[in-house]
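Enquirer: Structure file protein.txt (compact mmCIF, N, CA and C atoms) right here:
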# COMPACT_ATOMS: atom_id res chain seq x y z
N MET A 20 -5.45 -40.96 -27.24
CA MET A 20 -6.60 -40.08 -27.17
C MET A 20 -7.19 -40.08 -25.77
N VAL A 21 -7.28 -41.28 -25.18
CA VAL A 21 -7.86 -41.39 -23.83
C VAL A 21 -6.98 -40.66 -22.81
N ALA A 22 -5.66 -40.74 -22.99
CA ALA A 22 -4.74 -40.08 -22.06
C ALA A 22 -4.93 -38.56 -22.13
N ARG A 23 -5.19 -38.05 -23.33
CA ARG A 23 -5.39 -36.60 -23.47
C ARG A 23 -6.68 -36.17 -22.79
N VAL A 24 -7.71 -37.00 -22.88
CA VAL A 24 -8.99 -36.68 -22.24
C VAL A 24 -8.81 -36.66 -20.72
N TRP A 25 -8.07 -37.67 -20.18
CA TRP A 25 -7.84 -37.70 -18.74
C TRP A 25 -7.00 -36.51 -18.30
N SER A 26 -6.02 -36.13 -19.10
CA SER A 26 -5.20 -34.96 -18.77
C SER A 26 -6.07 -33.71 -18.74
N LEU A 27 -6.96 -33.58 -19.71
CA LEU A 27 -7.86 -32.43 -19.74
C LEU A 27 -8.79 -32.44 -18.53
N MET A 28 -9.31 -33.60 -18.19
CA MET A 28 -10.20 -33.72 -17.04
C MET A 28 -9.48 -33.34 -15.75
N ARG A 29 -8.25 -33.83 -15.58
CA ARG A 29 -7.47 -33.48 -14.39
C ARG A 29 -7.24 -31.99 -14.32
N PHE A 30 -6.90 -31.39 -15.46
CA PHE A 30 -6.67 -29.94 -15.51
C PHE A 30 -7.94 -29.17 -15.12
N LEU A 31 -9.07 -29.60 -15.65
CA LEU A 31 -10.34 -28.93 -15.35
C LEU A 31 -10.73 -29.08 -13.89
N ILE A 32 -10.50 -30.25 -13.34
CA ILE A 32 -10.82 -30.46 -11.93
C ILE A 32 -9.92 -29.62 -11.05
N LYS A 33 -8.63 -29.62 -11.33
CA LYS A 33 -7.70 -28.80 -10.54
C LYS A 33 -8.03 -27.32 -10.68
N GLY A 34 -8.36 -26.89 -11.89
CA GLY A 34 -8.73 -25.48 -12.10
C GLY A 34 -10.00 -25.12 -11.36
N SER A 35 -10.95 -26.04 -11.33
CA SER A 35 -12.20 -25.79 -10.60
C SER A 35 -11.95 -25.68 -9.10
N VAL A 36 -11.11 -26.56 -8.58
CA VAL A 36 -10.79 -26.51 -7.15
C VAL A 36 -10.06 -25.21 -6.82
N ALA A 37 -9.09 -24.84 -7.64
CA ALA A 37 -8.36 -23.59 -7.40
C ALA A 37 -9.28 -22.38 -7.51
N GLY A 38 -10.13 -22.36 -8.53
CA GLY A 38 -11.08 -21.26 -8.68
C GLY A 38 -12.04 -21.18 -7.52
N GLY A 39 -12.50 -22.33 -7.04
CA GLY A 39 -13.38 -22.36 -5.87
C GLY A 39 -12.69 -21.85 -4.63
N ALA A 40 -11.41 -22.20 -4.47
CA ALA A 40 -10.65 -21.72 -3.31
C ALA A 40 -10.48 -20.21 -3.35
N VAL A 41 -10.17 -19.68 -4.54
CA VAL A 41 -10.01 -18.23 -4.67
C VAL A 41 -11.34 -17.53 -4.39
N TYR A 42 -12.43 -18.08 -4.92
CA TYR A 42 -13.74 -17.49 -4.67
C TYR A 42 -14.08 -17.54 -3.19
N LEU A 43 -13.80 -18.66 -2.53
CA LEU A 43 -14.09 -18.79 -1.11
C LEU A 43 -13.30 -17.77 -0.29
N VAL A 44 -12.02 -17.61 -0.60
CA VAL A 44 -11.20 -16.64 0.11
C VAL A 44 -11.76 -15.24 -0.07
N TYR A 45 -12.16 -14.90 -1.28
CA TYR A 45 -12.72 -13.58 -1.56
C TYR A 45 -14.08 -13.41 -0.89
N ASP A 46 -14.94 -14.42 -1.00
CA ASP A 46 -16.29 -14.33 -0.47
C ASP A 46 -16.31 -14.24 1.05
N GLN A 47 -15.44 -14.99 1.71
CA GLN A 47 -15.42 -15.01 3.17
C GLN A 47 -14.51 -13.92 3.75
N GLU A 48 -13.91 -13.12 2.90
CA GLU A 48 -13.02 -12.03 3.31
C GLU A 48 -11.90 -12.53 4.22
N LEU A 49 -11.26 -13.63 3.81
CA LEU A 49 -10.20 -14.22 4.62
C LEU A 49 -8.94 -13.39 4.65
N LEU A 50 -8.76 -12.53 3.67
CA LEU A 50 -7.57 -11.68 3.66
C LEU A 50 -7.84 -10.33 4.33
N GLY A 51 -8.98 -10.22 4.97
CA GLY A 51 -9.35 -8.99 5.68
C GLY A 51 -8.86 -9.05 7.12
N PRO A 52 -9.65 -8.47 8.02
CA PRO A 52 -9.27 -8.47 9.44
C PRO A 52 -9.16 -9.89 10.00
N SER A 53 -8.28 -10.06 10.97
CA SER A 53 -8.03 -11.40 11.51
C SER A 53 -9.23 -11.96 12.26
N ASP A 54 -10.11 -11.09 12.78
CA ASP A 54 -11.31 -11.59 13.46
C ASP A 54 -12.18 -12.38 12.49
N LYS A 55 -12.35 -11.83 11.28
CA LYS A 55 -13.16 -12.52 10.28
C LYS A 55 -12.48 -13.81 9.82
N SER A 56 -11.16 -13.78 9.72
CA SER A 56 -10.43 -14.98 9.31
C SER A 56 -10.60 -16.09 10.33
N GLN A 57 -10.51 -15.74 11.60
CA GLN A 57 -10.63 -16.74 12.65
C GLN A 57 -12.06 -17.30 12.67
N ALA A 58 -13.05 -16.44 12.51
CA ALA A 58 -14.44 -16.91 12.49
C ALA A 58 -14.69 -17.82 11.28
N ALA A 59 -14.12 -17.47 10.14
CA ALA A 59 -14.29 -18.29 8.93
C ALA A 59 -13.62 -19.65 9.10
N LEU A 60 -12.46 -19.68 9.74
CA LEU A 60 -11.76 -20.96 9.97
C LEU A 60 -12.58 -21.84 10.90
N GLN A 61 -13.16 -21.24 11.92
CA GLN A 61 -14.00 -22.01 12.84
C GLN A 61 -15.21 -22.57 12.11
N LYS A 62 -15.84 -21.73 11.28
CA LYS A 62 -17.01 -22.15 10.52
C LYS A 62 -16.63 -23.28 9.55
N ALA A 63 -15.48 -23.15 8.90
CA ALA A 63 -15.02 -24.18 7.96
C ALA A 63 -14.76 -25.49 8.68
N GLY A 64 -14.20 -25.42 9.89
CA GLY A 64 -13.95 -26.63 10.66
C GLY A 64 -15.22 -27.37 11.00
N GLU A 65 -16.33 -26.65 11.11
CA GLU A 65 -17.61 -27.28 11.43
C GLU A 65 -18.32 -27.77 10.18
N VAL A 66 -18.13 -27.09 9.06
CA VAL A 66 -18.92 -27.37 7.85
C VAL A 66 -18.22 -28.32 6.88
N VAL A 67 -16.92 -28.22 6.73
CA VAL A 67 -16.21 -28.97 5.69
C VAL A 67 -16.25 -30.48 5.89
N PRO A 68 -15.96 -31.03 7.07
CA PRO A 68 -15.97 -32.51 7.18
C PRO A 68 -17.31 -33.15 6.82
N PRO A 69 -18.46 -32.63 7.31
CA PRO A 69 -19.72 -33.25 6.87
C PRO A 69 -19.95 -33.09 5.36
N ALA A 70 -19.56 -31.97 4.80
CA ALA A 70 -19.74 -31.76 3.36
C ALA A 70 -18.88 -32.73 2.56
N MET A 71 -17.65 -32.95 3.00
CA MET A 71 -16.78 -33.90 2.30
C MET A 71 -17.35 -35.32 2.37
N TYR A 72 -17.88 -35.69 3.52
CA TYR A 72 -18.48 -37.02 3.67
C TYR A 72 -19.69 -37.16 2.75
N GLN A 73 -20.52 -36.14 2.74
CA GLN A 73 -21.71 -36.16 1.89
C GLN A 73 -21.34 -36.24 0.41
N PHE A 74 -20.33 -35.48 0.01
CA PHE A 74 -19.89 -35.50 -1.39
C PHE A 74 -19.31 -36.87 -1.74
N SER A 75 -18.52 -37.46 -0.83
CA SER A 75 -17.94 -38.77 -1.12
C SER A 75 -19.04 -39.83 -1.25
N GLN A 76 -20.08 -39.72 -0.44
CA GLN A 76 -21.19 -40.66 -0.55
C GLN A 76 -21.91 -40.49 -1.89
N TYR A 77 -22.06 -39.25 -2.33
CA TYR A 77 -22.69 -38.98 -3.62
C TYR A 77 -21.87 -39.57 -4.76
N VAL A 78 -20.55 -39.38 -4.70
CA VAL A 78 -19.67 -39.92 -5.74
C VAL A 78 -19.75 -41.45 -5.74
N CYS A 79 -19.78 -42.05 -4.56
CA CYS A 79 -19.88 -43.51 -4.48
C CYS A 79 -21.17 -44.00 -5.12
N GLN A 80 -22.27 -43.32 -4.86
CA GLN A 80 -23.55 -43.72 -5.43
C GLN A 80 -23.55 -43.58 -6.95
N GLN A 81 -22.99 -42.50 -7.44
CA GLN A 81 -23.03 -42.23 -8.88
C GLN A 81 -22.08 -43.10 -9.68
N THR A 82 -20.92 -43.41 -9.11
CA THR A 82 -19.90 -44.12 -9.87
C THR A 82 -19.75 -45.58 -9.47
N GLY A 83 -20.22 -45.95 -8.30
CA GLY A 83 -20.03 -47.32 -7.83
C GLY A 83 -18.67 -47.54 -7.22
N LEU A 84 -17.87 -46.48 -7.07
CA LEU A 84 -16.55 -46.60 -6.46
C LEU A 84 -16.67 -46.63 -4.95
N GLN A 85 -15.70 -47.25 -4.31
CA GLN A 85 -15.64 -47.26 -2.86
C GLN A 85 -14.52 -46.32 -2.42
N ILE A 86 -14.88 -45.27 -1.73
CA ILE A 86 -13.90 -44.29 -1.25
C ILE A 86 -13.68 -44.55 0.23
N PRO A 87 -12.42 -44.74 0.66
CA PRO A 87 -12.18 -45.00 2.08
C PRO A 87 -12.52 -43.77 2.92
N GLN A 88 -12.86 -44.02 4.17
CA GLN A 88 -13.21 -42.94 5.09
C GLN A 88 -11.96 -42.10 5.37
N LEU A 89 -12.10 -40.78 5.26
CA LEU A 89 -10.99 -39.88 5.53
C LEU A 89 -10.79 -39.73 7.03
N PRO A 90 -9.55 -39.54 7.48
CA PRO A 90 -9.33 -39.31 8.91
C PRO A 90 -9.90 -37.95 9.32
N ALA A 91 -10.18 -37.81 10.59
CA ALA A 91 -10.71 -36.54 11.10
C ALA A 91 -9.65 -35.45 10.97
N PRO A 92 -10.06 -34.24 10.62
CA PRO A 92 -9.08 -33.15 10.52
C PRO A 92 -8.54 -32.78 11.90
N PRO A 93 -7.30 -32.31 11.95
CA PRO A 93 -6.73 -31.96 13.25
C PRO A 93 -7.43 -30.73 13.85
N LYS A 94 -7.48 -30.69 15.16
CA LYS A 94 -8.07 -29.55 15.85
C LYS A 94 -7.01 -28.47 16.02
N ILE A 95 -7.37 -27.25 15.69
CA ILE A 95 -6.46 -26.12 15.83
C ILE A 95 -6.95 -25.28 16.99
N ASP A 96 -6.18 -25.25 18.06
CA ASP A 96 -6.59 -24.54 19.25
C ASP A 96 -5.61 -23.43 19.62
N PHE A 97 -5.29 -22.58 18.70
CA PHE A 97 -4.47 -21.43 19.03
C PHE A 97 -5.06 -20.21 18.35
N PRO A 98 -4.85 -19.05 18.94
CA PRO A 98 -5.44 -17.83 18.36
C PRO A 98 -4.75 -17.45 17.05
N ILE A 99 -5.47 -17.54 15.96
CA ILE A 99 -4.91 -17.21 14.66
C ILE A 99 -4.56 -15.74 14.57
N ARG A 100 -5.34 -14.92 15.26
CA ARG A 100 -5.12 -13.47 15.21
C ARG A 100 -3.68 -13.12 15.60
N ASP A 101 -3.20 -13.70 16.70
CA ASP A 101 -1.85 -13.41 17.15
C ASP A 101 -0.81 -13.91 16.15
N SER A 102 -1.00 -15.12 15.66
CA SER A 102 -0.04 -15.68 14.72
C SER A 102 -0.05 -14.91 13.41
N TRP A 103 -1.23 -14.56 12.91
CA TRP A 103 -1.34 -13.83 11.66
C TRP A 103 -0.62 -12.50 11.77
N ASN A 104 -0.94 -11.75 12.81
CA ASN A 104 -0.34 -10.44 12.97
C ASN A 104 1.17 -10.55 13.17
N ALA A 105 1.63 -11.53 13.95
CA ALA A 105 3.06 -11.71 14.17
C ALA A 105 3.76 -12.07 12.86
N GLY A 106 3.14 -12.92 12.08
CA GLY A 106 3.73 -13.32 10.80
C GLY A 106 3.82 -12.15 9.83
N ILE A 107 2.75 -11.38 9.74
CA ILE A 107 2.75 -10.22 8.85
C ILE A 107 3.80 -9.20 9.31
N MET A 108 3.87 -8.97 10.62
CA MET A 108 4.86 -8.01 11.14
C MET A 108 6.28 -8.48 10.85
N THR A 109 6.53 -9.78 11.00
CA THR A 109 7.87 -10.31 10.73
C THR A 109 8.24 -10.14 9.25
N VAL A 110 7.31 -10.47 8.38
CA VAL A 110 7.58 -10.35 6.94
C VAL A 110 7.80 -8.89 6.56
N MET A 111 6.95 -8.01 7.03
CA MET A 111 7.10 -6.59 6.70
C MET A 111 8.39 -6.02 7.28
N SER A 112 8.76 -6.45 8.48
CA SER A 112 10.01 -5.99 9.08
C SER A 112 11.20 -6.45 8.23
N ALA A 113 11.16 -7.70 7.82
CA ALA A 113 12.25 -8.23 6.98
C ALA A 113 12.34 -7.48 5.66
N LEU A 114 11.19 -7.19 5.06
CA LEU A 114 11.20 -6.45 3.80
C LEU A 114 11.69 -5.02 3.97
N SER A 115 11.39 -4.41 5.12
CA SER A 115 11.81 -3.02 5.31
C SER A 115 13.31 -2.90 5.53
N VAL A 116 13.94 -3.90 6.14
CA VAL A 116 15.39 -3.83 6.36
C VAL A 116 16.19 -4.50 5.26
N ALA A 117 15.52 -5.11 4.30
CA ALA A 117 16.22 -5.84 3.24
C ALA A 117 17.21 -4.97 2.47
N PRO A 118 16.86 -3.75 2.03
CA PRO A 118 17.84 -2.96 1.28
C PRO A 118 19.11 -2.66 2.07
N SER A 119 18.96 -2.31 3.33
CA SER A 119 20.16 -1.99 4.12
C SER A 119 20.98 -3.25 4.38
N LYS A 120 20.31 -4.40 4.59
CA LYS A 120 21.04 -5.64 4.81
C LYS A 120 21.77 -6.07 3.54
N VAL A 121 21.15 -5.88 2.39
CA VAL A 121 21.81 -6.22 1.12
C VAL A 121 23.05 -5.36 0.95
N ARG A 122 22.93 -4.07 1.25
CA ARG A 122 24.08 -3.18 1.14
C ARG A 122 25.19 -3.61 2.11
N GLU A 123 24.79 -3.94 3.34
CA GLU A 123 25.77 -4.36 4.35
C GLU A 123 26.48 -5.65 3.94
N TYR A 124 25.71 -6.65 3.49
CA TYR A 124 26.31 -7.92 3.09
C TYR A 124 27.15 -7.76 1.82
N SER A 125 26.74 -6.89 0.92
CA SER A 125 27.54 -6.65 -0.29
C SER A 125 28.87 -6.01 0.07
N LYS A 126 28.83 -5.07 1.00
CA LYS A 126 30.07 -4.41 1.44
C LYS A 126 31.00 -5.42 2.09
N GLU A 127 30.45 -6.28 2.98
CA GLU A 127 31.27 -7.30 3.62
C GLU A 127 31.85 -8.27 2.59
N GLY A 128 31.03 -8.67 1.62
CA GLY A 128 31.51 -9.57 0.58
C GLY A 128 32.61 -8.94 -0.26
N TRP A 129 32.43 -7.67 -0.60
CA TRP A 129 33.44 -6.96 -1.39
C TRP A 129 34.74 -6.84 -0.62
N GLU A 130 34.65 -6.53 0.67
CA GLU A 130 35.86 -6.43 1.51
C GLU A 130 36.55 -7.80 1.60
N TYR A 131 35.78 -8.85 1.70
CA TYR A 131 36.34 -10.20 1.77
C TYR A 131 37.08 -10.53 0.47
N VAL A 132 36.45 -10.22 -0.67
CA VAL A 132 37.08 -10.50 -1.96
C VAL A 132 38.35 -9.66 -2.13
N LYS A 133 38.31 -8.39 -1.72
CA LYS A 133 39.51 -7.54 -1.82
C LYS A 133 40.62 -8.06 -0.94
N ALA A 134 40.29 -8.54 0.26
CA ALA A 134 41.31 -9.07 1.17
C ALA A 134 41.91 -10.35 0.62
N ARG A 135 41.13 -11.18 -0.05
CA ARG A 135 41.63 -12.45 -0.59
C ARG A 135 42.46 -12.25 -1.86
N THR A 136 42.22 -11.18 -2.59
CA THR A 136 42.95 -10.99 -3.84
C THR A 136 44.26 -10.26 -3.64
N LYS A 137 44.52 -9.73 -2.48
CA LYS A 137 45.79 -9.02 -2.23
C LYS A 137 46.92 -9.96 -1.98
How does this structure look as structure tokens?

Expert:
Amino acid sequence: MVARVWSLMRFLIKGSVAGGAVYLVYDQELLGPSDKSQAALQKAGEVVPPAMYQFSQYVCQQTGLQIPQLPAPPKIDFPIRDSWNAGIMTVMSALSVAPSKVREYSKEGWEYVKARTK
């Protein structure tokens, strides 16, 4: 019975974290223009570490548990706008040529199989 309760608690916590992440992405418009995404990432880098420390202190006070200090998050010093746009362009380019590449590779494979069966 206790194992089922812990399983349910883990599921609820994971669902809450996932729901919070989806809400945050929607609320901060992270899937919008890259300028807003970069500003939101910068804001998160400033706000999240103190919030995590404060939350861990609260949990320690309420439960009596000792949570070790988390390491500092890595600093990201590259323009996300360029990487985001390059990544999207690469993915879209690959998707646009996929049908012709599939046809080309299928033809090559068929020719290979025909040559081997003769």

Enquirer: What is the distance, in Å and to one decimal place, between atom C of A:Gln88 and atom C of A:Lys62?

Expert: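 We find that atom C of A:Gln88 and atom C of A:Lys62 lie 19.8 Å from each other.
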
Enquirer: So the first atom is atom CA of A:Pro68 and the second is atom CA of A:Ile107; what is the distance between them in Å, to one decimal place?

Expert: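 These two atoms are separated by 29.2 Å.
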
Enquirer: Find the distance between atom N of A:Asp96 and atom C of A:Gly64 and write it in Å to one decimal.

Expert: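 Atom C of A:Gly64 lies at a distance of 11.7 Å from atom N of A:Asp96.
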
Enquirer: Could you give me the centre and size, in Å to one decimal, of an axis-aligned box around all listed atoms of stretch 126-129 of chain A with 5 Å added on every side, as AutoDock Vina command-line options?

Expert:
--center_x 31.8 --center_y -7.0 --center_z 1.1 --size_x 15.9 --size_y 15.2 --size_z 15.0
